[in-house]
file work29.pdb (PDB, C-alpha atoms)
ATOM      1  CA  MET S   9      66.666  95.925  -8.237  1.00  0.00           C
ATOM      2  CA  SER S  10      67.794  92.564  -6.999  1.00  0.00           C
ATOM      3  CA  HIS S  11      68.409  91.579  -3.434  1.00  0.00           C
ATOM      4  CA  ILE S  12      72.040  91.202  -2.476  1.00  0.00           C
ATOM      5  CA  ILE S  13      73.158  88.647   0.107  1.00  0.00           C
ATOM      6  CA  LEU S  14      76.505  89.172   1.780  1.00  0.00           C
ATOM      7  CA  LYS S  15      77.986  85.840   2.791  1.00  0.00           C
ATOM      8  CA  GLY S  16      80.268  85.882   5.801  1.00  0.00           C
ATOM      9  CA  TRP S  17      78.921  89.047   7.429  1.00  0.00           C
ATOM     10  CA  HIS S  18      79.008  87.456  10.865  1.00  0.00           C
ATOM     11  CA  ARG S  19      80.931  84.262  10.276  1.00  0.00           C
ATOM     12  CA  TYR S  20      84.440  85.729  10.469  1.00  0.00           C
ATOM     13  CA  ARG S  21      83.836  87.461  13.784  1.00  0.00           C
ATOM     14  CA  GLU S  22      82.220  84.298  15.143  1.00  0.00           C
ATOM     15  CA  LYS S  23      85.134  82.076  14.169  1.00  0.00           C
ATOM     16  CA  GLY S  24      87.612  84.418  15.795  1.00  0.00           C
ATOM     17  CA  GLU S  25      86.209  83.469  19.197  1.00  0.00           C
ATOM     18  CA  TYR S  26      87.096  79.781  18.794  1.00  0.00           C
ATOM     19  CA  SER S  27      90.418  78.371  19.933  1.00  0.00           C
ATOM     20  CA  TRP S  28      91.871  74.881  19.863  1.00  0.00           C
ATOM     21  CA  LYS S  29      94.007  75.731  22.908  1.00  0.00           C
ATOM     22  CA  SER S  30      90.918  76.630  24.928  1.00  0.00           C
ATOM     23  CA  SER S  31      89.238  73.478  23.670  1.00  0.00           C
ATOM     24  CA  LEU S  32      92.115  71.290  24.878  1.00  0.00           C
ATOM     25  CA  THR S  33      92.226  73.048  28.242  1.00  0.00           C
ATOM     26  CA  ILE S  34      88.484  72.710  28.764  1.00  0.00           C
ATOM     27  CA  ALA S  35      88.493  69.039  27.783  1.00  0.00           C
ATOM     28  CA  PHE S  36      91.273  68.191  30.236  1.00  0.00           C
ATOM     29  CA  ILE S  37      90.321  70.327  33.247  1.00  0.00           C
ATOM     30  CA  ALA S  38      86.571  69.769  32.959  1.00  0.00           C
ATOM     31  CA  SER S  39      87.086  66.011  32.674  1.00  0.00           C
ATOM     32  CA  ILE S  40      89.058  66.005  35.926  1.00  0.00           C
ATOM     33  CA  LEU S  41      86.737  68.347  37.821  1.00  0.00           C
ATOM     34  CA  LEU S  42      83.600  66.500  36.671  1.00  0.00           C
ATOM     35  CA  TRP S  43      85.045  63.066  37.373  1.00  0.00           C
ATOM     36  CA  TRP S  44      82.573  62.689  40.242  1.00  0.00           C
ATOM     37  CA  LEU S  45      79.713  62.759  37.699  1.00  0.00           C
ATOM     38  CA  PRO S  46      80.074  59.534  35.682  1.00  0.00           C
ATOM     39  CA  ILE S  47      79.222  59.756  31.977  1.00  0.00           C
ATOM     40  CA  PHE S  48      77.349  63.061  32.311  1.00  0.00           C
ATOM     41  CA  GLY S  49      80.487  64.877  33.416  1.00  0.00           C
ATOM     42  CA  GLN S  50      82.336  63.732  30.297  1.00  0.00           C
ATOM     43  CA  MET S  51      79.322  64.612  28.166  1.00  0.00           C
ATOM     44  CA  ILE S  52      79.420  68.171  29.461  1.00  0.00           C
ATOM     45  CA  ALA S  53      83.214  68.422  29.134  1.00  0.00           C
ATOM     46  CA  GLY S  54      83.200  67.035  25.592  1.00  0.00           C
ATOM     47  CA  TYR S  55      80.337  69.204  24.396  1.00  0.00           C
ATOM     48  CA  VAL S  56      81.783  72.437  25.796  1.00  0.00           C
ATOM     49  CA  SER S  57      85.211  71.544  24.414  1.00  0.00           C
ATOM     50  CA  GLY S  58      83.745  70.902  20.973  1.00  0.00           C
ATOM     51  CA  ARG S  59      81.833  74.188  21.064  1.00  0.00           C
ATOM     52  CA  ALA S  60      85.052  75.993  21.970  1.00  0.00           C
ATOM     53  CA  ALA S  61      86.840  74.282  19.068  1.00  0.00           C
ATOM     54  CA  GLY S  62      84.306  75.615  16.547  1.00  0.00           C
ATOM     55  CA  ASN S  63      84.584  72.653  14.200  1.00  0.00           C
ATOM     56  CA  LYS S  64      83.463  69.048  14.432  1.00  0.00           C
ATOM     57  CA  TYR S  65      86.829  67.655  13.399  1.00  0.00           C
ATOM     58  CA  ARG S  66      88.763  69.933  15.748  1.00  0.00           C
ATOM     59  CA  GLY S  67      86.391  68.997  18.564  1.00  0.00           C
ATOM     60  CA  LEU S  68      86.895  65.310  17.811  1.00  0.00           C
ATOM     61  CA  PHE S  69      90.664  65.694  17.471  1.00  0.00           C
ATOM     62  CA  ASN S  70      91.099  67.766  20.645  1.00  0.00           C
ATOM     63  CA  THR S  71      89.136  65.389  22.875  1.00  0.00           C
ATOM     64  CA  LEU S  72      90.956  62.467  21.294  1.00  0.00           C
ATOM     65  CA  ILE S  73      94.289  64.129  22.152  1.00  0.00           C
ATOM     66  CA  VAL S  74      93.237  64.544  25.784  1.00  0.00           C
ATOM     67  CA  SER S  75      92.064  60.925  26.087  1.00  0.00           C
ATOM     68  CA  ALA S  76      95.172  59.556  24.365  1.00  0.00           C
ATOM     69  CA  SER S  77      97.467  61.726  26.515  1.00  0.00           C
ATOM     70  CA  VAL S  78      95.929  60.459  29.734  1.00  0.00           C
ATOM     71  CA  GLY S  79      96.169  56.880  28.467  1.00  0.00           C
ATOM     72  CA  LEU S  80      99.796  57.357  27.421  1.00  0.00           C
ATOM     73  CA  VAL S  81     100.777  58.786  30.816  1.00  0.00           C
ATOM     74  CA  SER S  82      98.954  55.937  32.534  1.00  0.00           C
ATOM     75  CA  PHE S  83     100.731  53.366  30.346  1.00  0.00           C
ATOM     76  CA  ILE S  84     104.156  54.910  31.022  1.00  0.00           C
ATOM     77  CA  PHE S  85     103.718  54.970  34.816  1.00  0.00           C
ATOM     78  CA  SER S  86     102.246  51.454  34.765  1.00  0.00           C
ATOM     79  CA  TYR S  87     104.786  49.560  32.632  1.00  0.00           C
ATOM     80  CA  ILE S  88     107.810  51.776  31.846  1.00  0.00           C
ATOM     81  CA  ALA S  89     108.501  54.203  34.692  1.00  0.00           C
ATOM     82  CA  VAL S  90     106.827  52.222  37.468  1.00  0.00           C
ATOM     83  CA  ILE S  91     106.248  54.219  40.641  1.00  0.00           C
ATOM     84  CA  PRO S  92     107.712  52.460  43.721  1.00  0.00           C
ATOM     85  CA  HIS S  93     105.262  51.073  46.250  1.00  0.00           C
ATOM     86  CA  SER S  94     106.821  53.162  48.995  1.00  0.00           C
ATOM     87  CA  VAL S  95     105.967  56.337  47.112  1.00  0.00           C
ATOM     88  CA  LYS S  96     102.435  55.113  46.432  1.00  0.00           C
ATOM     89  CA  TYR S  97     101.988  54.225  50.078  1.00  0.00           C
ATOM     90  CA  TYR S  98     103.224  57.644  51.212  1.00  0.00           C
ATOM     91  CA  LEU S  99     100.906  59.438  48.818  1.00  0.00           C
ATOM     92  CA  SER S 100      97.887  57.347  49.751  1.00  0.00           C
ATOM     93  CA  SER S 101      98.428  57.244  53.507  1.00  0.00           C
ATOM     94  CA  VAL S 102      99.887  60.682  54.257  1.00  0.00           C
ATOM     95  CA  ILE S 103      98.885  63.102  51.507  1.00  0.00           C
ATOM     96  CA  LEU S 104      95.376  61.757  51.002  1.00  0.00           C
ATOM     97  CA  TYR S 105      94.833  61.565  54.764  1.00  0.00           C
ATOM     98  CA  HIS S 106      95.531  65.270  55.191  1.00  0.00           C
ATOM     99  CA  ILE S 107      93.351  66.095  52.191  1.00  0.00           C
ATOM    100  CA  SER S 108      90.485  64.024  53.608  1.00  0.00           C
ATOM    101  CA  ILE S 109      90.552  66.076  56.811  1.00  0.00           C
ATOM    102  CA  VAL S 110      89.805  69.210  54.799  1.00  0.00           C
ATOM    103  CA  SER S 111      87.603  67.655  52.107  1.00  0.00           C
ATOM    104  CA  PRO S 112      86.603  63.992  51.832  1.00  0.00           C
ATOM    105  CA  TYR S 113      85.474  64.651  48.262  1.00  0.00           C
ATOM    106  CA  GLY S 114      88.867  66.152  47.409  1.00  0.00           C
ATOM    107  CA  ALA S 115      90.607  63.060  48.795  1.00  0.00           C
ATOM    108  CA  TRP S 116      88.378  60.739  46.771  1.00  0.00           C
ATOM    109  CA  LEU S 117      88.889  62.804  43.604  1.00  0.00           C
ATOM    110  CA  ALA S 118      92.674  62.897  44.082  1.00  0.00           C
ATOM    111  CA  SER S 119      92.726  59.155  44.734  1.00  0.00           C
ATOM    112  CA  SER S 120      90.647  58.336  41.642  1.00  0.00           C
ATOM    113  CA  VAL S 121      92.588  60.636  39.340  1.00  0.00           C
ATOM    114  CA  GLY S 122      95.924  59.468  40.732  1.00  0.00           C
ATOM    115  CA  GLN S 123      94.950  55.827  40.231  1.00  0.00           C
ATOM    116  CA  MET S 124      93.880  56.561  36.670  1.00  0.00           C
ATOM    117  CA  PHE S 125      97.256  58.164  35.877  1.00  0.00           C
ATOM    118  CA  THR S 126      99.235  55.314  37.444  1.00  0.00           C
ATOM    119  CA  SER S 127      97.181  52.247  36.482  1.00  0.00           C
ATOM    120  CA  PHE S 128      96.610  51.526  32.803  1.00  0.00           C
ATOM    121  CA  THR S 129      94.035  48.824  33.529  1.00  0.00           C
ATOM    122  CA  TYR S 130      92.080  51.342  35.583  1.00  0.00           C
ATOM    123  CA  PHE S 131      92.201  53.763  32.662  1.00  0.00           C
ATOM    124  CA  LEU S 132      90.927  51.097  30.259  1.00  0.00           C
ATOM    125  CA  SER S 133      88.083  50.190  32.602  1.00  0.00           C
ATOM    126  CA  TYR S 134      86.898  53.789  32.478  1.00  0.00           C
ATOM    127  CA  PHE S 135      87.463  54.342  28.773  1.00  0.00           C
ATOM    128  CA  PRO S 136      84.051  53.218  27.433  1.00  0.00           C
ATOM    129  CA  PRO S 137      81.873  55.106  29.936  1.00  0.00           C
ATOM    130  CA  ASN S 138      84.039  58.220  30.240  1.00  0.00           C
ATOM    131  CA  TRP S 139      86.690  58.881  27.615  1.00  0.00           C
ATOM    132  CA  ALA S 140      84.714  57.487  24.689  1.00  0.00           C
ATOM    133  CA  VAL S 141      81.801  59.714  25.735  1.00  0.00           C
ATOM    134  CA  LEU S 142      84.175  62.701  25.900  1.00  0.00           C
ATOM    135  CA  ILE S 143      85.344  62.070  22.327  1.00  0.00           C
ATOM    136  CA  ALA S 144      81.817  61.544  20.991  1.00  0.00           C
ATOM    137  CA  PHE S 145      80.466  64.730  22.540  1.00  0.00           C
ATOM    138  CA  GLY S 146      83.512  66.687  21.401  1.00  0.00           C
ATOM    139  CA  PHE S 147      82.396  65.826  17.872  1.00  0.00           C
ATOM    140  CA  VAL S 148      78.794  66.781  18.682  1.00  0.00           C
ATOM    141  CA  GLY S 149      79.811  70.119  20.220  1.00  0.00           C
ATOM    142  CA  GLY S 150      81.987  70.975  17.243  1.00  0.00           C
ATOM    143  CA  SER S 151      79.148  70.089  14.870  1.00  0.00           C
ATOM    144  CA  MET S 152      76.815  72.431  16.748  1.00  0.00           C
ATOM    145  CA  SER S 153      79.353  75.247  16.403  1.00  0.00           C
ATOM    146  CA  GLU S 154      79.510  74.703  12.653  1.00  0.00           C
ATOM    147  CA  LEU S 155      75.733  74.771  12.354  1.00  0.00           C
ATOM    148  CA  LEU S 156      75.426  77.974  14.359  1.00  0.00           C
ATOM    149  CA  VAL S 157      78.112  79.668  12.290  1.00  0.00           C
ATOM    150  CA  ARG S 158      76.493  78.503   9.066  1.00  0.00           C
ATOM    151  CA  ASP S 159      73.071  79.731  10.116  1.00  0.00           C
ATOM    152  CA  SER S 160      74.357  83.135  11.190  1.00  0.00           C
ATOM    153  CA  GLY S 161      76.796  83.555   8.315  1.00  0.00           C
ATOM    154  CA  VAL S 162      74.324  85.057   5.802  1.00  0.00           C
ATOM    155  CA  LYS S 163      72.958  88.572   6.132  1.00  0.00           C
ATOM    156  CA  THR S 164      70.697  90.334   3.659  1.00  0.00           C
ATOM    157  CA  VAL S 165      70.991  94.041   2.923  1.00  0.00           C
ATOM    158  CA  LEU S 166      69.220  96.340   0.526  1.00  0.00           C
ATOM    159  CA  SER S 167      66.129  94.221   0.106  1.00  0.00           C
ATOM    160  CA  PRO S 168      63.421  96.829  -0.489  1.00  0.00           C
ATOM    161  CA  LYS S 169      59.794  95.874  -0.510  1.00  0.00           C
ATOM    162  CA  HIS S 170      58.493  96.393  -4.014  1.00  0.00           C
ATOM    163  CA  SER S 171      55.816  94.824  -6.131  1.00  0.00           C
ATOM    164  CA  VAL S 172      56.726  92.726  -9.146  1.00  0.00           C
ATOM    165  CA  PRO S 173      55.303  94.189 -12.396  1.00  0.00           C
ATOM    166  CA  ALA S 174      52.831  92.028 -14.296  1.00  0.00           C
ATOM    167  CA  GLY S 175      54.395  89.775 -16.887  1.00  0.00           C
ATOM    168  CA  THR S 176      57.849  89.777 -15.279  1.00  0.00           C
ATOM    169  CA  LYS S 177      59.658  87.308 -13.056  1.00  0.00           C
ATOM    170  CA  PRO S 178      60.929  88.216  -9.583  1.00  0.00           C
ATOM    171  CA  LEU S 179      64.648  88.754  -9.410  1.00  0.00           C
ATOM    172  CA  LYS S 180      66.696  86.079  -7.674  1.00  0.00           C
ATOM    173  CA  PRO S 181      69.057  87.016  -4.836  1.00  0.00           C
ATOM    174  CA  LYS S 182      72.661  87.469  -5.809  1.00  0.00           C
ATOM    175  CA  GLU S 183      75.285  86.147  -3.424  1.00  0.00           C
ATOM    176  CA  VAL S 184      78.621  87.880  -2.982  1.00  0.00           C
ATOM    177  CA  ASP S 185      81.457  87.093  -0.572  1.00  0.00           C
ATOM    178  CA  TYR S 186      82.193  89.786   1.943  1.00  0.00           C
ATOM    179  CA  GLU S 187      84.632  90.055   4.827  1.00  0.00           C
ATOM    180  CA  PRO S 188      83.640  92.872   7.191  1.00  0.00           C
ATOM    181  CA  GLU S 189      86.142  95.607   7.899  1.00  0.00           C
ATOM    182  CA  GLU S 190      86.217  98.579  10.187  1.00  0.00           C
ATOM    183  CA  GLY S 191      84.078 101.465   8.982  1.00  0.00           C
ATOM    184  CA  LYS S 192      81.663 101.389   6.092  1.00  0.00           C
ATOM    185  CA  HIS S 193      82.870  99.227   3.250  1.00  0.00           C
ATOM    186  CA  PRO S 194      83.079 100.852  -0.243  1.00  0.00           C
ATOM    187  CA  LEU S 195      80.728  98.161  -1.542  1.00  0.00           C
ATOM    188  CA  ILE S 196      78.066  99.221   0.955  1.00  0.00           C
ATOM    189  CA  LYS S 197      78.492 102.871  -0.012  1.00  0.00           C
ATOM    190  CA  LYS S 198      78.125 102.015  -3.697  1.00  0.00           C
ATOM    191  CA  LEU S 199      75.011  99.908  -3.106  1.00  0.00           C
ATOM    192  CA  LEU S 200      73.410 102.619  -0.993  1.00  0.00           C
ATOM    193  CA  LYS S 201      74.033 105.188  -3.729  1.00  0.00           C
ATOM    194  CA  GLU S 202      72.479 102.875  -6.322  1.00  0.00           C
ATOM    195  CA  LYS S 203      69.478 102.391  -4.080  1.00  0.00           C
ATOM    196  CA  GLU S 204      69.018 106.163  -3.766  1.00  0.00           C
ATOM    197  CA  LYS S 205      69.262 106.587  -7.544  1.00  0.00           C
ATOM    198  CA  VAL S 206      66.626 103.935  -8.138  1.00  0.00           C
ATOM    199  CA  GLN S 207      64.293 105.516  -5.600  1.00  0.00           C
ATOM    200  CA  ASP S 208      64.792 108.980  -7.153  1.00  0.00           C
ATOM    201  CA  SER S 209      64.111 107.687 -10.660  1.00  0.00           C
ATOM    202  CA  SER S 210      60.973 105.897  -9.493  1.00  0.00           C
ATOM    203  CA  ASP S 211      59.729 109.105  -7.830  1.00  0.00           C
ATOM    204  CA  ASP S 212      60.369 111.097 -11.039  1.00  0.00           C
ATOM    205  CA  TYR S 213      58.531 108.501 -13.093  1.00  0.00           C
ATOM    206  CA  ILE S 214      55.484 108.754 -10.833  1.00  0.00           C
TER     207      ILE S 214
END
call {"tool": "encode", "arguments": {"input": "work29.pdb", "output": "structure tokens"}}
result
Amino acid sequence: MSHIILKGWHRYREKGEYSWKSSLTIAFIASILLWWLPIFGQMIAGYVSGRAAGNKYRGLFNTLIVSASVGLVSFIFSYIAVIPHSVKYYLSSVILYHISIVSPYGAWLASSVGQMFTSFTYFLSYFPPNWAVLIAFGFVGGSMSELLVRDSGVKTVLSPKHSVPAGTKPLKPKEVDYEPEEGKHPLIKKLLKEKEKVQDSSDDYI
């Protein structure tokens, strides 16, 4: 009796947990919240976003969308819909002042993020150390998800321990595609019955 390998026993359930929407959300929010941690913050945000995407290309694409979106908004507010200086002054002198009373870190974070969204040159100055790292680690995180799914996507069933008779070659595993369903699959029932028949015939022969 040959061993039978069911491909995809765990892979389908694993892939169902991935989401490109969650990946985009993580990439954007984590990049903002970890802005205080240069380079390493974007590494963490990109890697987690790529892992949530479940695929190296989706991880790369999602982090690229986030970086390009921030750059596009920064370009628009810098050269097309320029924010008046009076508004900038009010935001920096009044809003940030009240935030700094509660949290100096919050005021610094709001100032840095606000400057990035309103100054395209500021965005470009931070692209190599931050946004490029986010994109690279989005690809790495997605690649790790693919490897984990691939490693856990093969399960072996019905592989009894038996000795190979002299003069014969061991049987090679046979691979079949299988998508798990609720309850016991008819294929499993059939294989279990065949296993019982083989065991009964071997007992009768002895």
call {"tool": "closest_residue", "arguments": {"input": "work29.pdb", "among": "S:Gly122, S:Gly62, S:Pro137, S:Gly150", "to": "Ser100 (chain S)", "atoms": "only C-alpha atoms"}}
result
S:Gly122
call {"tool": "residues_around", "arguments": {"input": "work29.pdb", "residues": "Ala118 (chain S)", "least_positions_apart": "5", "cutoff": "10 Å", "atoms": "all atoms listed in the file", "output": "ChimeraX atom specification"}}
result
/S:40,100,103-104,107-108,112-113,123-124
call {"tool": "residues_around", "arguments": {"input": "work29.pdb", "residues": "Ala61 (chain S)", "least_positions_apart": "5", "cutoff": "7 Å", "atoms": "only C-alpha atoms", "output": "ChimeraX atom specification"}}
result
/S:26-28,31,66-67,150
call {"tool": "resolve_selection", "arguments": {"input": "work29.pdb", "expression": "the PyMOL selection byres ((chain S and resi 125-136) around 12)", "output": "NGL selection string"}}
result
:S and (40 or 43 or 46-47 or 50 or 72 or 75-93 or 95-96 or 118-124 or 137-144)
call {"tool": "closest_residue", "arguments": {"input": "work29.pdb", "among": "S:Ile73, S:His106, S:Ser153, S:Leu99", "to": "Thr33 (chain S)", "atoms": "all atoms listed in the file"}}
result
S:Ile73
call {"tool": "residues_around", "arguments": {"input": "work29.pdb", "residues": "Val74 (chain S)", "least_positions_apart": "3", "cutoff": "8 Å", "atoms": "all atoms listed in the file", "output": "number ranges by chain"}}
result
S: 32, 35-36, 70-71, 77-78
call {"tool": "closest_residue", "arguments": {"input": "work29.pdb", "among": "S:Val110, S:Met152, S:Leu42, S:Ala53", "to": "Tyr65 (chain S)", "atoms": "all atoms listed in the file"}}
result
S:Met152
call {"tool": "decode", "arguments": {"input": "work29.pdb", "residues": "region 25-136 of chain S", "atoms": "C-alpha atoms", "output": "JSON list (two decimals), in the first residue's frame"}}
result
[["chain", "number", "residue", "atom", "x", "y", "z"],
["S", 25, "GLU", "CA", -6.75, 34.52, 7.27],
["S", 26, "TYR", "CA", -4.89, 36.88, 4.93],
["S", 27, "SER", "CA", -6.41, 40.14, 3.73],
["S", 28, "TRP", "CA", -5.10, 42.89, 1.49],
["S", 29, "LYS", "CA", -7.34, 45.39, 3.30],
["S", 30, "SER", "CA", -5.75, 44.53, 6.64],
["S", 31, "SER", "CA", -2.34, 44.73, 5.00],
["S", 32, "LEU", "CA", -3.00, 48.25, 3.71],
["S", 33, "THR", "CA", -4.38, 49.38, 7.06],
["S", 34, "ILE", "CA", -1.42, 47.97, 8.97],
["S", 35, "ALA", "CA", 1.09, 49.52, 6.58],
["S", 36, "PHE", "CA", -0.45, 52.98, 6.89],
["S", 37, "ILE", "CA", -1.29, 53.12, 10.60],
["S", 38, "ALA", "CA", 1.85, 51.33, 11.79],
["S", 39, "SER", "CA", 4.03, 53.63, 9.68],
["S", 40, "ILE", "CA", 2.48, 56.68, 11.34],
["S", 41, "LEU", "CA", 2.54, 55.29, 14.88],
["S", 42, "LEU", "CA", 6.13, 54.04, 14.55],
["S", 43, "TRP", "CA", 7.38, 57.24, 12.94],
["S", 44, "TRP", "CA", 9.36, 57.97, 16.11],
["S", 45, "LEU", "CA", 11.49, 54.87, 15.42],
["S", 46, "PRO", "CA", 13.47, 55.69, 12.25],
["S", 47, "ILE", "CA", 14.07, 52.81, 9.84],
["S", 48, "PHE", "CA", 13.19, 50.11, 12.39],
["S", 49, "GLY", "CA", 9.62, 51.35, 12.67],
["S", 50, "GLN", "CA", 9.13, 51.03, 8.91],
["S", 51, "MET", "CA", 10.82, 47.63, 8.97],
["S", 52, "ILE", "CA", 8.29, 46.40, 11.51],
["S", 53, "ALA", "CA", 5.35, 48.00, 9.69],
["S", 54, "GLY", "CA", 6.41, 46.60, 6.32],
["S", 55, "TYR", "CA", 7.07, 43.10, 7.61],
["S", 56, "VAL", "CA", 3.78, 42.83, 9.49],
["S", 57, "SER", "CA", 1.91, 44.25, 6.51],
["S", 58, "GLY", "CA", 3.53, 41.73, 4.18],
["S", 59, "ARG", "CA", 2.70, 38.87, 6.55],
["S", 60, "ALA", "CA", -0.92, 40.04, 6.64],
["S", 61, "ALA", "CA", -0.98, 40.15, 2.82],
["S", 62, "GLY", "CA", 0.05, 36.49, 2.57],
["S", 63, "ASN", "CA", 1.93, 36.90, -0.70],
["S", 64, "LYS", "CA", 5.19, 38.59, -1.62],
["S", 65, "TYR", "CA", 3.70, 40.49, -4.53],
["S", 66, "ARG", "CA", 0.66, 41.62, -2.54],
["S", 67, "GLY", "CA", 2.95, 42.70, 0.29],
["S", 68, "LEU", "CA", 5.10, 44.66, -2.15],
["S", 69, "PHE", "CA", 2.09, 46.16, -3.91],
["S", 70, "ASN", "CA", 0.26, 47.15, -0.71],
["S", 71, "THR", "CA", 3.25, 48.93, 0.85],
["S", 72, "LEU", "CA", 3.94, 50.59, -2.48],
["S", 73, "ILE", "CA", 0.34, 51.87, -2.55],
["S", 74, "VAL", "CA", 0.72, 53.36, 0.93],
["S", 75, "SER", "CA", 4.03, 55.06, 0.09],
["S", 76, "ALA", "CA", 2.73, 56.39, -3.24],
["S", 77, "SER", "CA", -0.50, 57.65, -1.61],
["S", 78, "VAL", "CA", 1.39, 59.61, 1.02],
["S", 79, "GLY", "CA", 3.68, 61.04, -1.66],
["S", 80, "LEU", "CA", 0.73, 61.98, -3.87],
["S", 81, "VAL", "CA", -1.07, 63.76, -1.02],
["S", 82, "SER", "CA", 2.15, 65.57, -0.13],
["S", 83, "PHE", "CA", 2.66, 66.63, -3.76],
["S", 84, "ILE", "CA", -0.93, 67.91, -4.06],
["S", 85, "PHE", "CA", -0.76, 70.02, -0.88],
["S", 86, "SER", "CA", 2.70, 71.29, -1.83],
["S", 87, "TYR", "CA", 2.19, 72.38, -5.45],
["S", 88, "ILE", "CA", -1.51, 72.15, -6.42],
["S", 89, "ALA", "CA", -3.75, 72.86, -3.43],
["S", 90, "VAL", "CA", -1.26, 74.89, -1.40],
["S", 91, "ILE", "CA", -2.29, 75.40, 2.21],
["S", 92, "PRO", "CA", -2.27, 79.11, 3.19],
["S", 93, "HIS", "CA", 0.39, 80.24, 5.63],
["S", 94, "SER", "CA", -2.25, 81.53, 8.01],
["S", 95, "VAL", "CA", -3.72, 78.05, 8.32],
["S", 96, "LYS", "CA", -0.28, 76.52, 8.81],
["S", 97, "TYR", "CA", 0.54, 79.09, 11.46],
["S", 98, "TYR", "CA", -2.72, 78.43, 13.31],
["S", 99, "LEU", "CA", -2.16, 74.69, 13.26],
["S", 100, "SER", "CA", 1.44, 74.94, 14.40],
["S", 101, "SER", "CA", 1.00, 77.63, 17.05],
["S", 102, "VAL", "CA", -2.43, 76.83, 18.51],
["S", 103, "ILE", "CA", -3.25, 73.18, 17.88],
["S", 104, "LEU", "CA", 0.26, 71.84, 18.44],
["S", 105, "TYR", "CA", 0.67, 74.02, 21.53],
["S", 106, "HIS", "CA", -2.37, 72.47, 23.19],
["S", 107, "ILE", "CA", -1.23, 68.99, 22.18],
["S", 108, "SER", "CA", 2.23, 69.62, 23.63],
["S", 109, "ILE", "CA", 0.69, 70.45, 27.01],
["S", 110, "VAL", "CA", -0.82, 66.97, 27.16],
["S", 111, "SER", "CA", 1.93, 65.06, 25.34],
["S", 112, "PRO", "CA", 5.16, 66.52, 23.95],
["S", 113, "TYR", "CA", 5.65, 63.33, 21.95],
["S", 114, "GLY", "CA", 2.17, 63.66, 20.45],
["S", 115, "ALA", "CA", 2.94, 67.24, 19.40],
["S", 116, "TRP", "CA", 6.22, 66.19, 17.77],
["S", 117, "LEU", "CA", 4.54, 63.26, 15.99],
["S", 118, "ALA", "CA", 1.68, 65.46, 14.73],
["S", 119, "SER", "CA", 4.16, 68.09, 13.56],
["S", 120, "SER", "CA", 6.34, 65.57, 11.71],
["S", 121, "VAL", "CA", 3.43, 63.78, 10.07],
["S", 122, "GLY", "CA", 1.73, 67.05, 9.17],
["S", 123, "GLN", "CA", 4.93, 68.37, 7.59],
["S", 124, "MET", "CA", 5.32, 65.17, 5.61],
["S", 125, "PHE", "CA", 1.78, 65.47, 4.21],
["S", 126, "THR", "CA", 2.21, 69.14, 3.30],
["S", 127, "SER", "CA", 5.83, 69.28, 2.10],
["S", 128, "PHE", "CA", 6.85, 67.12, -0.84],
["S", 129, "THR", "CA", 10.56, 67.83, -0.33],
["S", 130, "TYR", "CA", 10.22, 66.62, 3.25],
["S", 131, "PHE", "CA", 8.58, 63.44, 1.99],
["S", 132, "LEU", "CA", 11.40, 62.85, -0.50],
["S", 133, "SER", "CA", 14.03, 63.38, 2.18],
["S", 134, "TYR", "CA", 12.46, 60.58, 4.20],
["S", 135, "PHE", "CA", 11.79, 58.23, 1.30],
["S", 136, "PRO", "CA", 15.09, 56.29, 1.27]]
